[in-house]
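Engineer: Please read through the structure below; I'll follow up with questions.
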Amino acid sequence: MRRTPVSLFLATASMLAVAFIGGCNQANTGPTPPKAAASADGLDRTVLPIVEPKRQTYKDLDARNVKPPARWEVKAPEGAPNVVVVLIDDIGFGASAAFGGPINMPNLDKIAATGLKYNRFHTTALCSPTRVALLTGYNHHSNNAGSIMETATAFPGNNGVRPQSITPMAEVLRQNGYSTAAYGKYHETPPWEISAAGPYDRWPTHSGFENFYGFIGGETNQYAPLVYDGTAQVELPEDPKYHFTTDMTNHAISWMRLQKALSPDKPFYMYYAPGAAHAPHHVPAEWRDKYKGKFDQGWDKVREETLARQIKLGVVPADTKLAPKHKDIKDWDSLSADEKKLFTTQMETYAGFAEHTDNEIGRLYQAVADTGQLDNTLFIYIVGDNGASAEGQMNGCFNEMSFFNGAPETVEDMVKKVDKWGGPETYPHYAAGWAVAMDTPFEYTKQVASDFGGTRNGMVISWPKAIKAKGEIRSQFGHVIDIAPTVYEAAKVPAPKTVNGIEQDPIEGKSLVYSFNDAGAKETHTTQYFEMFGNRSIYSDGWYARTIHRPAWRPKADQSLQEDPWELYNSNEDFSLSNNVAGANEAKLKELQALFMSEAEKYHVLPIDDRLLERLNAELVGRPTVMEGRDTVTYGPGMKGMGVDIFIDTRGKSYTMTADVDVEANVNGVLVAQGGRFGGFSFYVKGGKPTFTYNYLGLEKWDVVSSQGLSPGKHTVVYEFKSDGGLGKGGMGTITIDGNKVAEGRIEKTQPGIFSVDDLADVGTDDGTPVADYGGAKHFSGLLNKLTIKTGS
């Protein structure tokens, strides 16, 4: 029944009596919460959730005769700052102007001027591992993220599943009274869990973030990304000016403003992680063109110019030398005119992409300032999750998927397309020579965890209320696992000892707060291991022992792990690691080798797996997939965004696709598609005619088109592919309608590797970029009852 105002008041008062704590006429006050580890407000914040007092019972009949208790709630410690952690992607130490590089990032400069630059800060050398370490305060192998999630194995340290004994910083802050949100790239969810079947335990919104808007995988098409709002896939607007970095920034600013409008005294924690400047290097032409001609001197000269600026700025010591350039990287002066034209365009695009990203970060920073709370905002801007990427190999890529399919593109072909570089028709990467230049003064790049070119990234921290120094440099050794302890100390929140009844591992990072107002403070992070795909090293009190197992541009090492030669450097005196002193310090080298093995055992680094592309094969390395050996799956409309560990694998196999449909005349739209513009297949109906298109890396297409259209009514439409046998092989495709053959055609070859990282499999539509030309009708206009795919037929 409808409640009167009086009855509603009485009901509300009754609920308050149950929900609120304290007051008079108590029959049972319950046990007192533990006091031993209490914070200034009397709460024990080492146990999460923070234990609430036991609810009271009352003897009074009439609530009007009882004073209600004060409301109990968890609030952040008094004075706790807002926290913004910015992590950009694939930017090396020598890229930004703030650290001597050639790329203008004025907002990085602006924020640095209000705080501190850190010039000996380190990451893990790769995407997912750095992110889990940053967001927890524990080493990447401790998080079971020894590599990216897509190459997880069955071993502890590498299985891709965060242990229960580690709780993300976002969850710790949320349970301590913070609002929390994440925007942009996540890349911490195991790929076999990225579907509607879940589980969602390792998605952002189940890892402490109350709000998430971004992408889950390792990279995305900036013009046509696969975006989630929470756990729901977003259908993006058809806007020719759309760019994901701008979109995510709009969402981040909107959320932040809303928090401060509704709860101005409640601090927030925001993790802002653009997909830039990771490939594909997508940026509007006007940003690319700002750098026209700025890199004509080539990567060798850029390295020299960068080092000179770094010395002048004081971000490297005055006696720093350029580490030797690897012999695999060509001298710029030896390149052909076409190579120079192509490679300069690649670098202009990358530079524009990075500056565009910094511009968006500037919008976010200004939005915080506009709330009037910048003074008490801890703003951490980490310039790269690893070194610059040499994964574009020696010539770069117009379509990065060519690398993953063993089909390298030629300079002759790519140079014809330079005017399109960075636009929506491209999926580009740059040549490895530029990655080395962006990692100046070091020798190696992303993936090489045993060189500072792979792990040393610039970082800026601003917190006007607490950091009195302005524009100064800090040179204490730091690591990405130090960010969570730094935030905890700033917020007066302890790392928890137990969470949900589970004992937590001791935090592994060290707070950097001690360095904020003391440039000469003795560093507290004195030992740190590094390992990625067999590249491994150990830092200890300035000494640095390492072995280069393989550079990032080589898919395999030339020697076994046991045969790797070790080197030794005194990094306190040799910033760029250019002087190997192993011969004169054999005892120290042996000591550090033993220390590495001890740390590797402690943090689940062992056994080391140096395989690269092989680890993309889930069956080979014992990684689970949703399919798990099944050869038949029945799908329905609305099932979309299914990755390679979720969707049935048709590569190198014969298969059938059977669609049960109910249609009207001139039906159109997609039955099933996997991939997109840069490679994939689609089974669809156009102008009433069932059609199959195979798109080979965006370079060649084969169509099998029905000779007759579908009449109104129910039909069974089948596409059958008879493979010649084996990965990459072609075969014959046929289409039948109700058992009658209506089309036949040959597919000359197929892709042996992935179609895309973010253009995934969809049923009833083709989200992202299109595999084929659907004439403007990608959504199936008929009724798709079910679609069954069977492999091995």
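Ordered as shown in the structure tokens, chains take letters A, B, and onward, while each chain numbers its residues from 1 and ligands are numbered from 1 in the order shown.
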Show me, as a PyMOL selection string, the residues that have an atom within 6 Å of range 669-683 of chain A when counting only C-alpha atoms, minus same-chain residues fewer than 4 positions from it.
Structural biologist: chain A and resi 691-698+755-756+759-766+769-771+777-780
Engineer: Using only C-alpha atoms, which protein or nucleic acid residues come within 7 Å of Thr750 in chain A? Drop anything in the same chain fewer than 4 positions from it, and give the result as a list of chain:residue names.
Structural biologist: A:Tyr696, A:Gly728, A:Lys729, A:Gly730
Engineer: Rank A:Glu700, A:Gly731, A:Trp72, A:Gly217 by their smallest atom-to-atom distance to Lys54 in chain A, using only C-alpha atoms, and report the top residue only.
Structural biologist: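 Ranking A:Glu700, A:Gly731, A:Trp72, A:Gly217 by distance to Lys54 in chain A, first place goes to A:Trp72.
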Engineer: So which bits of range 20-195 of chain A end up alpha helix (DSSP H) when you DSSP the backbone, as a PyMOL selection string?
Structural biologist: chain A and resi 106-113+127-136+169-174
Engineer: Please list as a PyMOL selection string every residue within 10 Å of Gly629 in chain A, counting only C-alpha atoms and excluding residues in the same chain fewer than 2 positions away.
Structural biologist: chain A and resi 619+625-627+631-632+648-649
Engineer: Range 96-103 of chain A: which residues within 10 Å, counting only C-alpha atoms, same-chain residues fewer than 3 positions away excluded, as a short mmCIF file (atom, residue, chain, number, x, y, z; two decimals) with N, CA, C and O atoms, in the first residue's frame?
Structural biologist:
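Wrote around_20.cif, looks like this:
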data_model
loop_
_atom_site.label_atom_id
_atom_site.label_comp_id
_atom_site.auth_asym_id
_atom_site.auth_seq_id
_atom_site.Cartn_x
_atom_site.Cartn_y
_atom_site.Cartn_z
N ILE A 91 56.92 5.01 -23.50
CA ILE A 91 57.71 6.25 -23.65
C ILE A 91 59.03 6.04 -22.92
O ILE A 91 59.04 5.74 -21.73
N GLY A 92 60.15 6.21 -23.61
CA GLY A 92 61.45 5.98 -23.01
C GLY A 92 61.96 7.16 -22.21
O GLY A 92 61.41 8.27 -22.26
N PHE A 93 63.05 6.94 -21.48
CA PHE A 93 63.64 7.96 -20.63
C PHE A 93 64.03 9.21 -21.42
O PHE A 93 63.92 10.33 -20.93
N PRO A 106 54.54 19.95 -22.74
CA PRO A 106 54.55 21.13 -21.87
C PRO A 106 53.85 20.93 -20.54
O PRO A 106 54.20 21.60 -19.55
N ASN A 107 52.87 20.05 -20.48
CA ASN A 107 52.19 19.85 -19.20
C ASN A 107 53.04 19.03 -18.24
O ASN A 107 52.97 19.25 -17.02
N LEU A 108 53.84 18.14 -18.77
CA LEU A 108 54.82 17.45 -17.92
C LEU A 108 55.79 18.47 -17.33
O LEU A 108 56.12 18.44 -16.14
N ASP A 109 56.26 19.40 -18.17
CA ASP A 109 57.14 20.47 -17.69
C ASP A 109 56.44 21.30 -16.61
O ASP A 109 57.05 21.65 -15.58
N LYS A 110 55.20 21.64 -16.85
CA LYS A 110 54.44 22.49 -15.92
C LYS A 110 54.28 21.81 -14.57
O LYS A 110 54.48 22.45 -13.51
N ALA A 112 56.16 19.37 -13.38
CA ALA A 112 57.49 19.22 -12.78
C ALA A 112 57.92 20.50 -12.09
O ALA A 112 58.60 20.47 -11.05
N ALA A 113 57.54 21.63 -12.65
CA ALA A 113 57.94 22.92 -12.07
C ALA A 113 57.31 23.15 -10.70
O ALA A 113 57.81 23.95 -9.90
N LYS A 117 61.35 16.04 -10.20
CA LYS A 117 61.66 15.04 -11.22
C LYS A 117 62.50 13.94 -10.59
O LYS A 117 63.48 14.22 -9.88
N TYR A 118 62.14 12.70 -10.88
CA TYR A 118 62.93 11.55 -10.43
C TYR A 118 63.65 10.96 -11.65
O TYR A 118 62.99 10.56 -12.62
N ASN A 119 64.98 10.90 -11.60
CA ASN A 119 65.74 10.45 -12.75
C ASN A 119 66.35 9.05 -12.58
O ASN A 119 67.08 8.59 -13.46
N TYR A 291 55.62 18.17 -36.14
CA TYR A 291 57.01 17.69 -36.08
C TYR A 291 57.61 17.48 -37.46
O TYR A 291 58.66 16.85 -37.60
N LYS A 294 61.41 17.66 -38.12
CA LYS A 294 62.15 17.75 -36.86
C LYS A 294 63.07 16.55 -36.61
O LYS A 294 63.91 16.60 -35.71
N PHE A 295 62.90 15.49 -37.41
CA PHE A 295 63.73 14.30 -37.20
C PHE A 295 64.50 13.90 -38.45
O PHE A 295 64.98 12.76 -38.57
N VAL A 302 69.91 12.34 -33.15
CA VAL A 302 68.94 12.61 -32.09
C VAL A 302 69.47 12.11 -30.75
O VAL A 302 69.31 12.77 -29.71
N ARG A 303 70.12 10.95 -30.74
CA ARG A 303 70.72 10.45 -29.50
C ARG A 303 71.74 11.44 -28.95
O ARG A 303 71.76 11.75 -27.75
N GLU A 305 72.03 14.70 -29.59
CA GLU A 305 71.37 15.94 -29.16
C GLU A 305 70.65 15.76 -27.83
O GLU A 305 70.68 16.66 -26.98
N THR A 306 70.03 14.60 -27.67
CA THR A 306 69.30 14.33 -26.43
C THR A 306 70.24 14.28 -25.24
O THR A 306 69.97 14.87 -24.19
N LEU A 307 71.34 13.56 -25.36
CA LEU A 307 72.29 13.48 -24.26
C LEU A 307 72.80 14.87 -23.87
O LEU A 307 72.92 15.20 -22.68
N ALA A 308 73.09 15.71 -24.87
CA ALA A 308 73.57 17.06 -24.57
C ALA A 308 72.53 17.83 -23.76
O ALA A 308 72.88 18.54 -22.80
N ARG A 309 71.26 17.70 -24.13
CA ARG A 309 70.20 18.40 -23.37
C ARG A 309 70.04 17.80 -21.97
O ARG A 309 69.79 18.52 -21.00
N GLN A 310 70.15 16.47 -21.87
CA GLN A 310 70.03 15.82 -20.57
C GLN A 310 71.09 16.32 -19.59
O GLN A 310 70.82 16.58 -18.43
N ILE A 311 72.32 16.45 -20.09
CA ILE A 311 73.40 16.96 -19.26
C ILE A 311 73.13 18.40 -18.85
O ILE A 311 73.30 18.79 -17.69
N LYS A 312 72.66 19.21 -19.79
CA LYS A 312 72.37 20.61 -19.50
C LYS A 312 71.26 20.75 -18.46
O LYS A 312 71.33 21.62 -17.58
N LEU A 313 70.25 19.90 -18.55
CA LEU A 313 69.13 19.94 -17.60
C LEU A 313 69.50 19.37 -16.24
O LEU A 313 68.79 19.60 -15.26
N GLY A 314 70.57 18.57 -16.20
CA GLY A 314 70.97 17.93 -14.96
C GLY A 314 70.24 16.65 -14.66
O GLY A 314 70.32 16.12 -13.54
N VAL A 315 69.50 16.09 -15.66
CA VAL A 315 68.79 14.84 -15.41
C VAL A 315 69.71 13.63 -15.57
O VAL A 315 69.33 12.51 -15.24
N VAL A 316 70.91 13.84 -16.09
CA VAL A 316 71.97 12.84 -16.07
C VAL A 316 73.24 13.55 -15.61
O VAL A 316 73.37 14.77 -15.79
N GLU A 348 57.77 11.33 -36.58
CA GLU A 348 56.91 12.51 -36.47
C GLU A 348 55.55 12.13 -35.91
O GLU A 348 54.97 12.86 -35.07
N TYR A 350 54.83 9.46 -34.01
CA TYR A 350 54.99 9.07 -32.61
C TYR A 350 55.11 10.30 -31.71
O TYR A 350 54.47 10.38 -30.64
N ALA A 351 55.90 11.26 -32.13
CA ALA A 351 56.09 12.48 -31.33
C ALA A 351 54.77 13.24 -31.18
O ALA A 351 54.43 13.72 -30.09
N GLY A 352 54.03 13.36 -32.27
CA GLY A 352 52.73 14.02 -32.20
C GLY A 352 51.76 13.29 -31.29
O GLY A 352 50.99 13.92 -30.54
N PHE A 353 51.81 11.96 -31.32
CA PHE A 353 50.97 11.12 -30.47
C PHE A 353 51.29 11.38 -28.99
O PHE A 353 50.39 11.55 -28.16
N ALA A 354 52.58 11.46 -28.67
CA ALA A 354 52.98 11.69 -27.29
C ALA A 354 52.57 13.09 -26.81
O ALA A 354 52.07 13.25 -25.69
N GLU A 355 52.77 14.10 -27.66
CA GLU A 355 52.40 15.45 -27.26
C GLU A 355 50.88 15.58 -27.12
O GLU A 355 50.39 16.26 -26.22
N ASP A 358 50.00 14.25 -23.76
CA ASP A 358 50.34 15.21 -22.71
C ASP A 358 49.32 16.34 -22.66
O ASP A 358 48.98 16.84 -21.58
N VAL A 383 56.35 8.70 -16.75
CA VAL A 383 56.53 8.88 -18.19
C VAL A 383 56.96 7.55 -18.82
O VAL A 383 58.10 7.37 -19.25
N ALA A 437 66.73 5.54 -29.76
CA ALA A 437 66.93 6.98 -29.58
C ALA A 437 66.06 7.54 -28.46
O ALA A 437 66.49 8.42 -27.71
N MET A 438 64.83 7.03 -28.33
CA MET A 438 63.94 7.51 -27.27
C MET A 438 64.35 6.98 -25.90
O MET A 438 63.81 7.43 -24.88
N ASP A 439 65.26 6.01 -25.86
CA ASP A 439 65.77 5.48 -24.59
C ASP A 439 67.15 6.02 -24.26
O ASP A 439 67.84 5.49 -23.39
N THR A 440 67.57 7.08 -24.94
CA THR A 440 68.87 7.71 -24.66
C THR A 440 68.98 8.06 -23.16
O THR A 440 68.01 8.53 -22.58
N ASN A 457 62.51 5.02 -16.30
CA ASN A 457 61.53 5.97 -16.82
C ASN A 457 61.50 7.23 -15.98
O ASN A 457 61.61 7.15 -14.75
N GLY A 458 61.35 8.36 -16.63
CA GLY A 458 61.22 9.60 -15.89
C GLY A 458 59.92 9.62 -15.10
O GLY A 458 58.91 9.02 -15.49
N MET A 459 59.94 10.29 -13.98
CA MET A 459 58.73 10.44 -13.17
C MET A 459 58.72 11.83 -12.55
O MET A 459 59.76 12.36 -12.15
N VAL A 460 57.53 12.41 -12.47
CA VAL A 460 57.33 13.71 -11.83
C VAL A 460 56.29 13.55 -10.73
O VAL A 460 55.26 12.88 -10.92
#
Engineer: Excluding range 163-175 of chain A and residues on its chain fewer than 5 positions from it, collect all residues at most 7 Å away from it, counting only C-alpha atoms, and give them as JSON, numbers by chain.
Structural biologist: {"A": [48, 49, 135, 136, 143, 180, 207, 208, 209, 484, 502, 503, 504, 505]}
Engineer: At a cut-off of 12 Å, using only C-alpha atoms, what residues contact Thr114 in chain A? Leave out same-chain residues fewer than 5 positions from it and give the result as an MDAnalysis selection string.
Structural biologist: chainID A and resid 107:109 374:375 377:380 460:473
Engineer: Using the selection just defined, write its residues with N, CA, C and O atoms as an mmCIF file, in the first residue's frame.
Structural biologist:
data_model
loop_
_atom_site.group_PDB
_atom_site.id
_atom_site.type_symbol
_atom_site.label_atom_id
_atom_site.label_comp_id
_atom_site.auth_asym_id
_atom_site.auth_seq_id
_atom_site.Cartn_x
_atom_site.Cartn_y
_atom_site.Cartn_z
ATOM 1 N N ASN A 107 52.869 20.050 -20.477
ATOM 2 C CA ASN A 107 52.190 19.847 -19.202
ATOM 3 C C ASN A 107 53.040 19.034 -18.238
ATOM 4 O O ASN A 107 52.973 19.246 -17.025
ATOM 5 N N LEU A 108 53.844 18.141 -18.767
ATOM 6 C CA LEU A 108 54.817 17.451 -17.922
ATOM 7 C C LEU A 108 55.789 18.473 -17.333
ATOM 8 O O LEU A 108 56.116 18.435 -16.138
ATOM 9 N N ASP A 109 56.262 19.398 -18.166
ATOM 10 C CA ASP A 109 57.144 20.469 -17.686
ATOM 11 C C ASP A 109 56.445 21.303 -16.607
ATOM 12 O O ASP A 109 57.046 21.652 -15.579
ATOM 13 N N LEU A 374 43.956 21.477 -5.899
ATOM 14 C CA LEU A 374 45.255 21.059 -6.408
ATOM 15 C C LEU A 374 46.323 21.069 -5.316
ATOM 16 O O LEU A 374 47.232 20.233 -5.318
ATOM 17 N N ASP A 375 46.201 21.988 -4.368
ATOM 18 C CA ASP A 375 47.206 22.107 -3.313
ATOM 19 C C ASP A 375 47.347 20.813 -2.526
ATOM 20 O O ASP A 375 48.448 20.427 -2.135
ATOM 21 N N THR A 377 46.564 17.702 -3.647
ATOM 22 C CA THR A 377 46.463 16.575 -4.570
ATOM 23 C C THR A 377 47.863 16.051 -4.869
ATOM 24 O O THR A 377 48.717 16.799 -5.338
ATOM 25 N N LEU A 378 48.076 14.789 -4.563
ATOM 26 C CA LEU A 378 49.328 14.110 -4.895
ATOM 27 C C LEU A 378 49.217 13.658 -6.350
ATOM 28 O O LEU A 378 48.463 12.738 -6.656
ATOM 29 N N PHE A 379 49.932 14.337 -7.236
ATOM 30 C CA PHE A 379 49.841 14.086 -8.673
ATOM 31 C C PHE A 379 51.142 13.417 -9.112
ATOM 32 O O PHE A 379 52.214 14.029 -9.075
ATOM 33 N N ILE A 380 51.044 12.163 -9.505
ATOM 34 C CA ILE A 380 52.207 11.372 -9.911
ATOM 35 C C ILE A 380 52.108 11.097 -11.405
ATOM 36 O O ILE A 380 51.151 10.475 -11.871
ATOM 37 N N VAL A 460 57.528 12.406 -12.469
ATOM 38 C CA VAL A 460 57.326 13.709 -11.834
ATOM 39 C C VAL A 460 56.288 13.546 -10.730
ATOM 40 O O VAL A 460 55.262 12.880 -10.922
ATOM 41 N N ILE A 461 56.563 14.125 -9.577
ATOM 42 C CA ILE A 461 55.606 14.115 -8.466
ATOM 43 C C ILE A 461 55.373 15.546 -8.000
ATOM 44 O O ILE A 461 56.333 16.288 -7.735
ATOM 45 N N SER A 462 54.100 15.903 -7.899
ATOM 46 C CA SER A 462 53.709 17.227 -7.394
ATOM 47 C C SER A 462 52.700 17.056 -6.272
ATOM 48 O O SER A 462 51.750 16.282 -6.389
ATOM 49 N N TRP A 463 52.925 17.767 -5.182
ATOM 50 C CA TRP A 463 51.977 17.805 -4.052
ATOM 51 C C TRP A 463 52.255 19.108 -3.315
ATOM 52 O O TRP A 463 52.994 19.153 -2.331
ATOM 53 N N PRO A 464 51.730 20.207 -3.817
ATOM 54 C CA PRO A 464 52.109 21.534 -3.305
ATOM 55 C C PRO A 464 52.018 21.681 -1.797
ATOM 56 O O PRO A 464 52.848 22.363 -1.183
ATOM 57 N N LYS A 465 51.033 21.054 -1.186
ATOM 58 C CA LYS A 465 50.851 21.190 0.258
ATOM 59 C C LYS A 465 52.013 20.587 1.037
ATOM 60 O O LYS A 465 52.358 21.081 2.127
ATOM 61 N N ALA A 466 52.625 19.530 0.505
ATOM 62 C CA ALA A 466 53.630 18.792 1.266
ATOM 63 C C ALA A 466 55.038 18.896 0.705
ATOM 64 O O ALA A 466 56.006 18.730 1.442
ATOM 65 N N ILE A 467 55.166 19.122 -0.609
ATOM 66 C CA ILE A 467 56.490 19.201 -1.224
ATOM 67 C C ILE A 467 56.847 20.677 -1.388
ATOM 68 O O ILE A 467 56.255 21.388 -2.195
ATOM 69 N N LYS A 468 57.811 21.099 -0.610
ATOM 70 C CA LYS A 468 58.187 22.509 -0.633
ATOM 71 C C LYS A 468 59.137 22.829 -1.778
ATOM 72 O O LYS A 468 59.163 23.960 -2.268
ATOM 73 N N ALA A 469 59.931 21.846 -2.195
ATOM 74 C CA ALA A 469 60.862 22.066 -3.307
ATOM 75 C C ALA A 469 60.084 22.212 -4.602
ATOM 76 O O ALA A 469 59.061 21.553 -4.805
ATOM 77 N N LYS A 470 60.571 23.060 -5.491
ATOM 78 C CA LYS A 470 59.914 23.280 -6.772
ATOM 79 C C LYS A 470 60.934 23.123 -7.895
ATOM 80 O O LYS A 470 61.959 23.806 -7.910
ATOM 81 N N GLY A 471 60.640 22.198 -8.822
ATOM 82 C CA GLY A 471 61.490 22.029 -9.986
ATOM 83 C C GLY A 471 62.818 21.357 -9.696
ATOM 84 O O GLY A 471 63.744 21.438 -10.517
ATOM 85 N N GLU A 472 62.923 20.661 -8.589
ATOM 86 C CA GLU A 472 64.178 19.990 -8.245
ATOM 87 C C GLU A 472 64.216 18.558 -8.766
ATOM 88 O O GLU A 472 63.187 17.994 -9.171
ATOM 89 N N ILE A 473 65.417 17.982 -8.748
ATOM 90 C CA ILE A 473 65.636 16.610 -9.220
ATOM 91 C C ILE A 473 65.941 15.727 -8.020
ATOM 92 O O ILE A 473 66.666 16.138 -7.100
#
